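See structure below.
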Amino acid sequence: MTAPRLRDGAPVEDSDDLDVEEALALVRDAKDDGTGPARDPRPAEPHGHAPAERHRATPWPQAREIAARAARATRAPRPAATSSAPRRTPVPVPLGDALGLVLAAPLDALSDLPSFDTSAMDGWAVAGPGPWTVREEGVLAGHAQPAPLTDGEAVRIATGARVPADTTAVLRTEHGRTDAQGRLHATRDMVHGQDIRPRGQECRSGDQLLPVGTQITPAVLGLAAAAGYDTVTVVPRPRAEVLVLGDELLTEGLPREGLIRDALGPMLPPWLRALGAEVVAVRRIRDDAKALHKAITASTADLIVTTGGTAAGPHDHVHPTLERLGAELLVDGVKVRPGHPMLLARTRDDQHLVGLPGNPLAAVSGLITLAEPLLRTLAARPAPEPYTLPLTEPVHGHPYDTRLVPVVLRGDRAVPLHYNGPAMLRGIAAADALAVVPPGGARQGVETELLDLPWTTAGIGVCFT
């Protein structure tokens with residue numbers, strides 16, 4: 001299924017026709033070294049329609065692969081260039097700050113677990129066959145080693161307490177009774193070692209509990225604490241800086257006099273945090289090439305994210321600034337709607353820049369396409385397992401480009417949402433995921449790949465602070 005076309009032959013996506021930045025990007029790529037229109041290598045479309053796409057744009061799946069690999073590679077060889085990208089140095093982090101990070105060293109057992117024989121239940125520690133004479137004093141968790149038992153002797157014991165030497169088993173409270181003489185009897189058969197957690201049952205000192213590359217979940221934190229760790233060695237959280245570009249943006253109040261509210265300034269930092277980044281700064285920069293150049297060169301972040309200015313208009317300074325910096329352009333436009341004029345550049349061997357379009361949903365597309373795979377690699381996190389669900393209704397497609405369409409999940413189906421134009425946030429604000437609609441569209445009931453939004457899963461991606 002293909003979308004209708006504009007008068008000039010450019011395709012539209014349902015109601016979301018080309019935004020200003022995408023149109024300008026098409027104009028920029030229509031020039032071939034300034035001498036005339038660029039020739040598209042593919043045959044002309046039927047009925048005289050020429051393919052309207054950026055001839056240098058990267059297919060969407062390939063763009064994501066490039067972004068995922070970018071942090072592992074270096075720029076093209078230059079004199080005195082290093083042969084490999086600087087590795088991010090592992091750091092020790094307190095357990096309370098480690099959630100969501102990835103182990104950079106194995107989690108080895110520092111002692112036996114448990115480190116002594118412990119009672120698994122409240123009841124009595126008993127020695128030999130019953131009935132048993134019960135000691136007056138009990139054994140509580142956290143106390144020193146109690147005196148050994150002798151055959152025919154029992155002592156009250158709490159869960160987690162050290163088991164006295166020569167204990168045969170632990171008799172649960174509900175499985176014992178005392179007679180008139182105060183002697184203890186078992187009401188059920190017992191076996192040797194019952195309800196005792198022997199020393200080293202879970203692991204021995206030096207055993208590897210978890211390997212390098214394990215993502216730290218709440219359960220991992222619990223295991224590390226039980227094993228005696230106060231800190232864990234992790235891959236540090238990638239540091240991101242956001243540069244919000246534009247003279248037309250308001251930070252408060254209603255839109256007025258040709259000015260609009262900035263939606264990306266409030267949206268991008270928490271989204272980047274949800275993707276695992278530490279946002280070190282959010283800066284607002286006017287449409288000024290010198291100011292942009294200064295901001296990029298001064299940044300020490302692993303990832304710089306810019307908003308707007310990625311097309312070819314008179315105030316679009318991202319491309320010229322990157323050229324002035326000598327940056328390596330890894331992705332210059334992606335065959336995806338919305339978000340066509342996004343870009344990825346390597347500004348230094350240890351720093352990248354993701355240029356997002358200025359329209360909000362197009363910027364989200366850029367985050368998902370380029371920033372998420374790059375941050376995932378920097379943080380050493382595994383890629384999420386892909387999955388598909390059938391669509392409840394057909395979705396129009398672009399003739400040549402992938403579409404990312406907000407959907408809600410209802411049972412085992414995905415429901416496409418409207419208000420999915422490049423400048424719209426109404427659809428994505430209600431969405432659970434983005435459907436990856438291939439060129440040509442998707443019919444009702446067709447299994448379609450889904451990309452979960454980071455806060456819709458039950459995992460640790462919900463990390464907004």
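Just so we're on the same page: first chain in the structure tokens is A, next is B, and so on; residues restart at 1 for each chain, and ligands are numbered from 1 in the order they show up.
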message: Using DSSP secondary structure from the backbone, list all helix (DSSP H, G or I) positions within region 194-276 of chain A, as a PyMOL selection string.
response: chain A and resi 218-226+264-274
Restrict the selected residues to all heavy atoms and save them as a tab-separated table (two decimals), in the first residue's frame.
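What ended up in part-v4.tsv:
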chain	number	residue	atom	x	y	z
A	218	PRO	N	17.38	-5.17	40.31
A	218	PRO	CA	17.23	-5.21	41.77
A	218	PRO	C	17.69	-6.54	42.37
A	218	PRO	O	18.29	-6.57	43.46
A	218	PRO	CB	15.73	-4.98	41.97
A	218	PRO	CG	15.34	-4.14	40.80
A	218	PRO	CD	16.16	-4.65	39.66
A	219	ALA	N	17.43	-7.65	41.69
A	219	ALA	CA	17.86	-8.95	42.20
A	219	ALA	C	19.38	-9.07	42.23
A	219	ALA	O	19.96	-9.66	43.15
A	219	ALA	CB	17.26	-10.08	41.36
A	220	VAL	N	20.06	-8.51	41.22
A	220	VAL	CA	21.52	-8.52	41.22
A	220	VAL	C	22.06	-7.70	42.39
A	220	VAL	O	23.04	-8.10	43.04
A	220	VAL	CB	22.06	-7.97	39.87
A	220	VAL	CG1	23.58	-7.77	39.94
A	220	VAL	CG2	21.71	-8.93	38.73
A	221	LEU	N	21.42	-6.58	42.67
A	221	LEU	CA	21.84	-5.79	43.83
A	221	LEU	C	21.69	-6.60	45.12
A	221	LEU	O	22.56	-6.54	46.01
A	221	LEU	CB	21.00	-4.51	43.93
A	221	LEU	CG	21.20	-3.47	42.82
A	221	LEU	CD1	20.24	-2.31	43.00
A	221	LEU	CD2	22.65	-2.97	42.82
A	222	GLY	N	20.60	-7.34	45.24
A	222	GLY	CA	20.41	-8.17	46.42
A	222	GLY	C	21.48	-9.24	46.54
A	222	GLY	O	22.01	-9.48	47.64
A	223	LEU	N	21.80	-9.89	45.42
A	223	LEU	CA	22.83	-10.93	45.44
A	223	LEU	C	24.18	-10.33	45.82
A	223	LEU	O	24.93	-10.92	46.62
A	223	LEU	CB	22.91	-11.61	44.07
A	223	LEU	CG	24.00	-12.67	43.90
A	223	LEU	CD1	23.81	-13.81	44.89
A	223	LEU	CD2	24.02	-13.18	42.46
A	224	ALA	N	24.50	-9.17	45.24
A	224	ALA	CA	25.79	-8.54	45.55
A	224	ALA	C	25.88	-8.19	47.03
A	224	ALA	O	26.92	-8.38	47.67
A	224	ALA	CB	25.97	-7.29	44.69
A	225	ALA	N	24.80	-7.67	47.57
A	225	ALA	CA	24.80	-7.35	49.00
A	225	ALA	C	24.95	-8.60	49.85
A	225	ALA	O	25.74	-8.63	50.81
A	225	ALA	CB	23.51	-6.60	49.36
A	226	ALA	N	24.21	-9.65	49.50
A	226	ALA	CA	24.31	-10.90	50.26
A	226	ALA	C	25.73	-11.47	50.20
A	226	ALA	O	26.21	-12.08	51.16
A	226	ALA	CB	23.32	-11.92	49.72
A	264	LEU	N	10.97	19.94	23.11
A	264	LEU	CA	12.08	19.00	23.18
A	264	LEU	C	12.94	19.22	24.43
A	264	LEU	O	13.49	18.25	24.98
A	264	LEU	CB	12.94	19.11	21.92
A	264	LEU	CG	12.23	18.75	20.62
A	264	LEU	CD1	13.19	18.84	19.44
A	264	LEU	CD2	11.62	17.36	20.70
A	265	GLY	N	13.06	20.45	24.89
A	265	GLY	CA	13.83	20.71	26.10
A	265	GLY	C	13.31	19.93	27.29
A	265	GLY	O	14.09	19.29	28.01
A	266	PRO	N	11.99	19.93	27.55
A	266	PRO	CA	11.46	19.11	28.64
A	266	PRO	C	11.46	17.61	28.35
A	266	PRO	O	11.52	16.80	29.27
A	266	PRO	CB	10.02	19.63	28.80
A	266	PRO	CG	10.00	20.96	28.16
A	266	PRO	CD	10.99	20.88	27.03
A	267	MET	N	11.37	17.22	27.07
A	267	MET	CA	11.18	15.81	26.74
A	267	MET	C	12.49	15.03	26.64
A	267	MET	O	12.58	13.88	27.10
A	267	MET	CB	10.41	15.69	25.42
A	267	MET	CG	10.18	14.25	24.98
A	267	MET	SD	9.14	14.10	23.50
A	267	MET	CE	10.24	14.70	22.24
A	268	LEU	N	13.51	15.62	26.03
A	268	LEU	CA	14.70	14.84	25.71
A	268	LEU	C	15.51	14.40	26.93
A	268	LEU	O	15.95	13.23	26.99
A	268	LEU	CB	15.60	15.62	24.75
A	268	LEU	CG	15.05	15.83	23.34
A	268	LEU	CD1	16.07	16.55	22.48
A	268	LEU	CD2	14.66	14.51	22.70
A	269	PRO	N	15.77	15.26	27.93
A	269	PRO	CA	16.59	14.78	29.06
A	269	PRO	C	16.03	13.56	29.77
A	269	PRO	O	16.77	12.57	29.96
A	269	PRO	CB	16.66	16.02	29.97
A	269	PRO	CG	16.50	17.18	29.04
A	269	PRO	CD	15.51	16.71	28.02
A	270	PRO	N	14.74	13.54	30.15
A	270	PRO	CA	14.25	12.31	30.80
A	270	PRO	C	14.22	11.12	29.85
A	270	PRO	O	14.40	9.97	30.29
A	270	PRO	CB	12.84	12.69	31.28
A	270	PRO	CG	12.45	13.88	30.49
A	270	PRO	CD	13.72	14.60	30.17
A	271	TRP	N	14.01	11.37	28.57
A	271	TRP	CA	14.04	10.25	27.62
A	271	TRP	C	15.44	9.66	27.54
A	271	TRP	O	15.63	8.44	27.54
A	271	TRP	CB	13.57	10.72	26.24
A	271	TRP	CG	13.08	9.60	25.37
A	271	TRP	CD1	13.72	8.43	25.10
A	271	TRP	CD2	11.84	9.53	24.67
A	271	TRP	NE1	12.97	7.64	24.26
A	271	TRP	CE2	11.81	8.29	23.98
A	271	TRP	CE3	10.76	10.40	24.54
A	271	TRP	CZ2	10.74	7.91	23.18
A	271	TRP	CZ3	9.70	10.01	23.74
A	271	TRP	CH2	9.67	8.79	23.07
A	272	LEU	N	16.45	10.53	27.49
A	272	LEU	CA	17.83	10.04	27.45
A	272	LEU	C	18.18	9.31	28.74
A	272	LEU	O	18.90	8.30	28.71
A	272	LEU	CB	18.78	11.22	27.22
A	272	LEU	CG	18.75	11.81	25.81
A	272	LEU	CD1	19.46	13.16	25.78
A	272	LEU	CD2	19.39	10.86	24.80
A	273	ARG	N	17.69	9.80	29.87
A	273	ARG	CA	17.93	9.08	31.13
A	273	ARG	C	17.28	7.71	31.09
A	273	ARG	O	17.83	6.73	31.59
A	273	ARG	CB	17.39	9.89	32.30
A	273	ARG	CG	18.15	11.19	32.57
A	273	ARG	CD	17.68	11.87	33.84
A	273	ARG	NE	18.20	13.22	33.93
A	273	ARG	CZ	17.50	14.31	33.73
A	273	ARG	NH1	16.20	14.23	33.45
A	273	ARG	NH2	18.05	15.51	33.83
A	274	ALA	N	16.07	7.64	30.52
A	274	ALA	CA	15.40	6.35	30.40
A	274	ALA	C	16.17	5.40	29.49
A	274	ALA	O	16.05	4.18	29.62
A	274	ALA	CB	13.97	6.55	29.87
query: What are the DSSP strand (DSSP E or B) residues of region 212-392 of chain A, as a ChimeraX atom specification?
result: /A:215,231-235,239-245,249-250,256,259-261,278-285,303-307,328-332,334-337,343-348,351-356,387-391
query: Excluding same-chain residues fewer than 6 positions from Arg324 (chain A), what lies within 12 Å of it counting only C-alpha atoms, as a list in words?
result: Ala289, Lys290, Leu292, His293, Lys294, Ile296, Thr297, His317, Val318 and Thr347 of chain A
So that I have them on file, write out the residues from the current selection with all heavy atoms, as a PDB file, in the first residue's frame.
ATOM      1  N   ALA A 289      25.837  30.257  14.332  1.00  0.00           N
ATOM      2  CA  ALA A 289      26.840  29.240  14.020  1.00  0.00           C
ATOM      3  C   ALA A 289      28.007  29.276  15.001  1.00  0.00           C
ATOM      4  O   ALA A 289      28.516  28.229  15.420  1.00  0.00           O
ATOM      5  CB  ALA A 289      27.343  29.426  12.594  1.00  0.00           C
ATOM      6  N   LYS A 290      28.432  30.483  15.393  1.00  0.00           N
ATOM      7  CA  LYS A 290      29.555  30.578  16.322  1.00  0.00           C
ATOM      8  C   LYS A 290      29.196  29.994  17.680  1.00  0.00           C
ATOM      9  O   LYS A 290      30.004  29.292  18.307  1.00  0.00           O
ATOM     10  CB  LYS A 290      29.990  32.038  16.467  1.00  0.00           C
ATOM     11  CG  LYS A 290      30.648  32.617  15.219  1.00  0.00           C
ATOM     12  CD  LYS A 290      31.111  34.047  15.461  1.00  0.00           C
ATOM     13  CE  LYS A 290      31.780  34.624  14.218  1.00  0.00           C
ATOM     14  NZ  LYS A 290      32.204  36.040  14.442  1.00  0.00           N
ATOM     15  N   LEU A 292      26.985  27.677  18.300  1.00  0.00           N
ATOM     16  CA  LEU A 292      26.901  26.229  18.180  1.00  0.00           C
ATOM     17  C   LEU A 292      28.287  25.607  18.164  1.00  0.00           C
ATOM     18  O   LEU A 292      28.549  24.598  18.840  1.00  0.00           O
ATOM     19  CB  LEU A 292      26.123  25.850  16.920  1.00  0.00           C
ATOM     20  CG  LEU A 292      26.008  24.352  16.623  1.00  0.00           C
ATOM     21  CD1 LEU A 292      25.296  23.622  17.763  1.00  0.00           C
ATOM     22  CD2 LEU A 292      25.274  24.117  15.303  1.00  0.00           C
ATOM     23  N   HIS A 293      29.197  26.199  17.403  1.00  0.00           N
ATOM     24  CA  HIS A 293      30.570  25.700  17.333  1.00  0.00           C
ATOM     25  C   HIS A 293      31.217  25.709  18.716  1.00  0.00           C
ATOM     26  O   HIS A 293      31.872  24.729  19.133  1.00  0.00           O
ATOM     27  CB  HIS A 293      31.382  26.548  16.357  1.00  0.00           C
ATOM     28  CG  HIS A 293      32.792  26.093  16.170  1.00  0.00           C
ATOM     29  ND1 HIS A 293      33.826  26.505  16.994  1.00  0.00           N
ATOM     30  CD2 HIS A 293      33.351  25.244  15.260  1.00  0.00           C
ATOM     31  CE1 HIS A 293      34.947  25.939  16.598  1.00  0.00           C
ATOM     32  NE2 HIS A 293      34.699  25.172  15.549  1.00  0.00           N
ATOM     33  N   LYS A 294      31.022  26.791  19.450  1.00  0.00           N
ATOM     34  CA  LYS A 294      31.614  26.902  20.779  1.00  0.00           C
ATOM     35  C   LYS A 294      31.041  25.845  21.724  1.00  0.00           C
ATOM     36  O   LYS A 294      31.775  25.222  22.502  1.00  0.00           O
ATOM     37  CB  LYS A 294      31.357  28.304  21.330  1.00  0.00           C
ATOM     38  CG  LYS A 294      31.953  28.537  22.706  1.00  0.00           C
ATOM     39  CD  LYS A 294      31.693  29.961  23.180  1.00  0.00           C
ATOM     40  CE  LYS A 294      32.275  30.195  24.574  1.00  0.00           C
ATOM     41  NZ  LYS A 294      32.014  31.583  25.045  1.00  0.00           N
ATOM     42  N   ILE A 296      29.726  22.880  21.001  1.00  0.00           N
ATOM     43  CA  ILE A 296      30.176  21.524  20.663  1.00  0.00           C
ATOM     44  C   ILE A 296      31.631  21.319  21.072  1.00  0.00           C
ATOM     45  O   ILE A 296      31.987  20.297  21.675  1.00  0.00           O
ATOM     46  CB  ILE A 296      29.976  21.241  19.167  1.00  0.00           C
ATOM     47  CG1 ILE A 296      28.480  21.233  18.824  1.00  0.00           C
ATOM     48  CG2 ILE A 296      30.611  19.910  18.777  1.00  0.00           C
ATOM     49  CD1 ILE A 296      28.188  21.070  17.346  1.00  0.00           C
ATOM     50  N   THR A 297      32.481  22.285  20.764  1.00  0.00           N
ATOM     51  CA  THR A 297      33.900  22.113  21.082  1.00  0.00           C
ATOM     52  C   THR A 297      34.150  22.122  22.588  1.00  0.00           C
ATOM     53  O   THR A 297      35.114  21.508  23.057  1.00  0.00           O
ATOM     54  CB  THR A 297      34.740  23.221  20.416  1.00  0.00           C
ATOM     55  OG1 THR A 297      34.217  24.508  20.791  1.00  0.00           O
ATOM     56  CG2 THR A 297      34.725  23.083  18.905  1.00  0.00           C
ATOM     57  N   HIS A 317      22.623  25.301  10.989  1.00  0.00           N
ATOM     58  CA  HIS A 317      24.077  25.406  11.132  1.00  0.00           C
ATOM     59  C   HIS A 317      24.760  24.093  11.507  1.00  0.00           C
ATOM     60  O   HIS A 317      25.980  24.075  11.668  1.00  0.00           O
ATOM     61  CB  HIS A 317      24.406  26.458  12.204  1.00  0.00           C
ATOM     62  CG  HIS A 317      23.865  27.821  11.900  1.00  0.00           C
ATOM     63  ND1 HIS A 317      24.200  28.514  10.760  1.00  0.00           N
ATOM     64  CD2 HIS A 317      23.009  28.617  12.601  1.00  0.00           C
ATOM     65  CE1 HIS A 317      23.579  29.693  10.754  1.00  0.00           C
ATOM     66  NE2 HIS A 317      22.845  29.772  11.857  1.00  0.00           N
ATOM     67  N   VAL A 318      24.013  22.997  11.650  1.00  0.00           N
ATOM     68  CA  VAL A 318      24.635  21.774  12.152  1.00  0.00           C
ATOM     69  C   VAL A 318      25.640  21.215  11.146  1.00  0.00           C
ATOM     70  O   VAL A 318      26.796  20.926  11.495  1.00  0.00           O
ATOM     71  CB  VAL A 318      23.575  20.726  12.516  1.00  0.00           C
ATOM     72  CG1 VAL A 318      24.245  19.411  12.918  1.00  0.00           C
ATOM     73  CG2 VAL A 318      22.694  21.229  13.662  1.00  0.00           C
ATOM     74  N   THR A 347      32.536  13.400  16.416  1.00  0.00           N
ATOM     75  CA  THR A 347      33.245  14.669  16.563  1.00  0.00           C
ATOM     76  C   THR A 347      34.656  14.468  17.100  1.00  0.00           C
ATOM     77  O   THR A 347      35.555  15.258  16.809  1.00  0.00           O
ATOM     78  CB  THR A 347      32.463  15.609  17.493  1.00  0.00           C
ATOM     79  OG1 THR A 347      32.152  14.912  18.704  1.00  0.00           O
ATOM     80  CG2 THR A 347      31.158  16.042  16.834  1.00  0.00           C
TER      81      THR A 347
END
Nearby residues (only C-alpha atoms) at most 7 Å from Val139 (chain A), same-chain spacing under 3 positions excluded, as a ChimeraX atom specification: /A:146,156-158,161
